[in-house]
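Everything below concerns the one structure shown next.
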Amino acid sequence: MDDIEVLKMTFEEQLGVLEILGLRGFKKNLKAKFIRHQDKRFDVPKLIREGHFEAYQATQAKPIYDELDCIIVFIGDTGTRARLYGVYTIHGKELLKPGMLPENCPFIDWEKSGTNFFYQLKRDPRFDLFKNRLIVEWGNSTLSWHQYTKVDKKILEIKPAGRLLADFDDYLEFTITHQELKHIVQNHEAHKDWKSRLSAVSGVYLILDSKTGLQYVGSAYGATGVWGRWSEYTKTGHGGNTALRALLSSHESYEDNFRYSLLRILPLSYSAEKVISAENLYKLKLGSRATGLNYPESKNPKL
């Protein structure tokens, strides 16, 4: 029986984060803080996807990590909820200087002030089992994004292994990357809400080439709805589409530039003709035939 099974057996006791981490050796006498990252200036999940999160977290305007042994890091979720991201030990700090941040990071200007701190943080792999799986209620003081661990955070939910995305909320209020789509399809048992909701509807969808801004409008219909159609993209990258196939044939791993979202949802009972009619309307509205990736077969992609 693994740690998660033990947790499920005793979940009615409302265990706290520190108690759960203790199963993997976390000591309560450590000087630590709970950290909740949710920033109006930046899309934190995007920072994670693009590899900028570690530098973002290490850079601080105030010495908030001083005299700590470690930080227990959460990512802001819906409302005042937060999901555990990891535990980091602290190994000193220095003033942030030019050249210490990646050139392409969105907060490169932080190097200019000469007053910011850069902390040496090291992720503790003992607790990676719980990454993205422990959901806590942060409380009403979400502005207080760093808090000492004197009061434990109670666990609201334990997600299954392989969970990556937040709970499915609204059909028209999300956009996911190709890697995220691939992950949820490969780990569909951990994303049952995503699979069931996307399987329940037909729809018109958008694939955005985030590198060029070009758009592809497509439609999904049939017994497995949007889920079935999008699953095809995780297998081939192009789903049989002429323009997307051309991009992938000349650019290795180009599908990693794609982002998926829904433009309109339709009942599964709609005929293919009716769904395709809605698709054509969106192609006209967005101009994806003239300037996007829904071009005729005789036309080359605009790269």
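Labels for the structure tokens follow display order: chains A, B, ..., residues from 1 in each chain, ligands from 1.
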
List the neighbours of Leu263 (chain A) out to 9 Å using only C-alpha atoms; skip same-chain residues closer than 2 positions along the sequence, and give me the result as a short mmCIF file (atom, residue, chain, number, x, y, z; two decimals) with C-alpha atoms, in the first residue's frame.
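Once written, selection_34.cif looks like this:
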```
data_model
loop_
_atom_site.label_atom_id
_atom_site.label_comp_id
_atom_site.auth_asym_id
_atom_site.auth_seq_id
_atom_site.Cartn_x
_atom_site.Cartn_y
_atom_site.Cartn_z
CA TYR A 171 -16.00 24.80 -22.41
CA LEU A 172 -15.15 28.27 -23.66
CA GLY A 203 -18.00 21.51 -31.57
CA VAL A 204 -15.98 23.99 -33.57
CA TYR A 205 -12.41 24.35 -32.35
CA LEU A 206 -9.40 26.56 -32.95
CA VAL A 217 -10.50 26.19 -37.54
CA SER A 261 -9.48 25.90 -27.63
CA ILE A 265 -20.03 23.63 -28.54
CA TYR A 282 -16.13 30.54 -38.11
#
```

| message | Please list as a list of chain:residue names every residue within 10 Å of His238 (chain A), counting only C-alpha atoms and excluding residues in the same chain fewer than 4 positions away. | response | A:Trp230, A:Glu232, A:Tyr233, A:Thr234, A:Thr242, A:Ala243, A:Leu244, A:Arg245, A:Ala246, A:Leu247, A:Leu248, A:Ser249, A:Tyr254, A:Glu255, A:Phe258

Export of prior selection with N, CA and C atoms as a compact mmCIF listing (two decimals), in the first residue's frame:
```txt
# COMPACT_ATOMS: atom_id res chain seq x y z
N TRP A 230 -9.67 15.44 -30.94
CA TRP A 230 -8.42 15.98 -30.42
C TRP A 230 -7.42 14.87 -30.09
N GLU A 232 -6.75 12.46 -31.90
CA GLU A 232 -6.02 12.19 -33.13
C GLU A 232 -4.80 13.10 -33.27
N TYR A 233 -4.93 14.33 -32.80
CA TYR A 233 -3.80 15.26 -32.88
C TYR A 233 -2.63 14.80 -31.99
N THR A 234 -2.92 14.11 -30.92
CA THR A 234 -1.84 13.65 -30.05
C THR A 234 -1.07 12.50 -30.68
N THR A 242 -4.21 19.25 -44.03
CA THR A 242 -3.20 19.53 -45.04
C THR A 242 -2.17 20.55 -44.56
N ALA A 243 -2.63 21.68 -44.04
CA ALA A 243 -1.71 22.75 -43.65
C ALA A 243 -0.84 22.34 -42.47
N LEU A 244 -1.47 21.69 -41.50
CA LEU A 244 -0.70 21.29 -40.32
C LEU A 244 0.31 20.20 -40.68
N ARG A 245 -0.08 19.32 -41.57
CA ARG A 245 0.84 18.27 -42.02
C ARG A 245 2.07 18.89 -42.69
N ALA A 246 1.84 19.94 -43.49
CA ALA A 246 2.94 20.61 -44.18
C ALA A 246 3.90 21.25 -43.19
N LEU A 247 3.37 21.84 -42.13
CA LEU A 247 4.22 22.46 -41.12
C LEU A 247 5.08 21.41 -40.42
N LEU A 248 4.46 20.30 -40.07
CA LEU A 248 5.18 19.27 -39.34
C LEU A 248 6.24 18.58 -40.19
N SER A 249 5.99 18.50 -41.50
CA SER A 249 6.93 17.81 -42.37
C SER A 249 8.23 18.58 -42.55
N TYR A 254 7.10 20.61 -34.54
CA TYR A 254 6.40 21.89 -34.68
C TYR A 254 5.06 21.90 -33.95
N GLU A 255 4.49 20.72 -33.72
CA GLU A 255 3.20 20.65 -33.04
C GLU A 255 3.25 21.23 -31.63
N PHE A 258 1.37 24.44 -31.05
CA PHE A 258 -0.08 24.51 -31.19
C PHE A 258 -0.77 24.66 -29.83
```

| task | Name the closest residue to Thr291 (chain A) among the candidates A:Ile207, A:Ile64, A:Ile135, A:Tyr216; distances are taken between atoms, counting only C-alpha atoms. | result | A:Tyr216

For region 19-112 of chain A against region 154-167 of chain A, with a cut-off of 9 Å and counting only C-alpha atoms, what is the closest atom pair and its distance in Å to one decimal for every residue that makes the cut, ordered by chain and number, as JSON lines?
```
{"residue": "A:Asp77", "atom": "CA", "partner": "A:Ala166", "partner_atom": "CA", "distance": 7.0}
{"residue": "A:Thr78", "atom": "CA", "partner": "A:Ala166", "partner_atom": "CA", "distance": 8.0}
{"residue": "A:Arg81", "atom": "CA", "partner": "A:Leu156", "partner_atom": "CA", "distance": 8.7}
{"residue": "A:Arg83", "atom": "CA", "partner": "A:Ala166", "partner_atom": "CA", "distance": 8.8}
```

| Residue among A:Phe34, A:Trp110, A:Tyr295, A:Tyr221 lying closest to Leu266 (chain A), counting only C-alpha atoms |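 Answer, going by the shortest atom-to-atom distance: A:Tyr221.
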
| query | In region 129-262 of chain A, what's strand (DSSP E) per DSSP? Answer as a VMD selection string? | reply | chain A and resid 134 to 137 146 to 148 155 to 158 176 to 177 201 to 209 215 to 220 258 to 262

| field | Contacts of Lys283 (chain A) within 10 Å, only C-alpha atoms, excl. fewer than 3 positions in-chain, as an MDAnalysis selection string | value | chainID A and resid 204 206 215:218 277:280 286:290 292:294

Could you write those residues out with C-alpha atoms, as an mmCIF file, in the first residue's frame?
```
data_model
loop_
_atom_site.group_PDB
_atom_site.id
_atom_site.type_symbol
_atom_site.label_atom_id
_atom_site.label_comp_id
_atom_site.auth_asym_id
_atom_site.auth_seq_id
_atom_site.Cartn_x
_atom_site.Cartn_y
_atom_site.Cartn_z
ATOM 1 C CA VAL A 204 -15.981 23.986 -33.567
ATOM 2 C CA LEU A 206 -9.399 26.562 -32.946
ATOM 3 C CA GLN A 215 -5.157 29.932 -37.000
ATOM 4 C CA TYR A 216 -6.753 26.675 -38.020
ATOM 5 C CA VAL A 217 -10.499 26.192 -37.541
ATOM 6 C CA GLY A 218 -11.777 22.623 -37.374
ATOM 7 C CA SER A 277 -21.774 24.423 -41.468
ATOM 8 C CA ALA A 278 -20.931 26.033 -38.121
ATOM 9 C CA GLU A 279 -17.237 25.394 -38.811
ATOM 10 C CA ASN A 280 -17.416 27.172 -42.160
ATOM 11 C CA LEU A 286 -11.837 34.626 -38.563
ATOM 12 C CA GLY A 287 -10.532 34.729 -42.128
ATOM 13 C CA SER A 288 -8.659 31.490 -41.617
ATOM 14 C CA ARG A 289 -8.979 30.549 -45.294
ATOM 15 C CA ALA A 290 -7.557 33.841 -46.522
ATOM 16 C CA GLY A 292 -4.767 31.403 -41.750
ATOM 17 C CA LEU A 293 -4.173 27.667 -42.033
ATOM 18 C CA ASN A 294 -7.487 26.649 -43.641
#
```
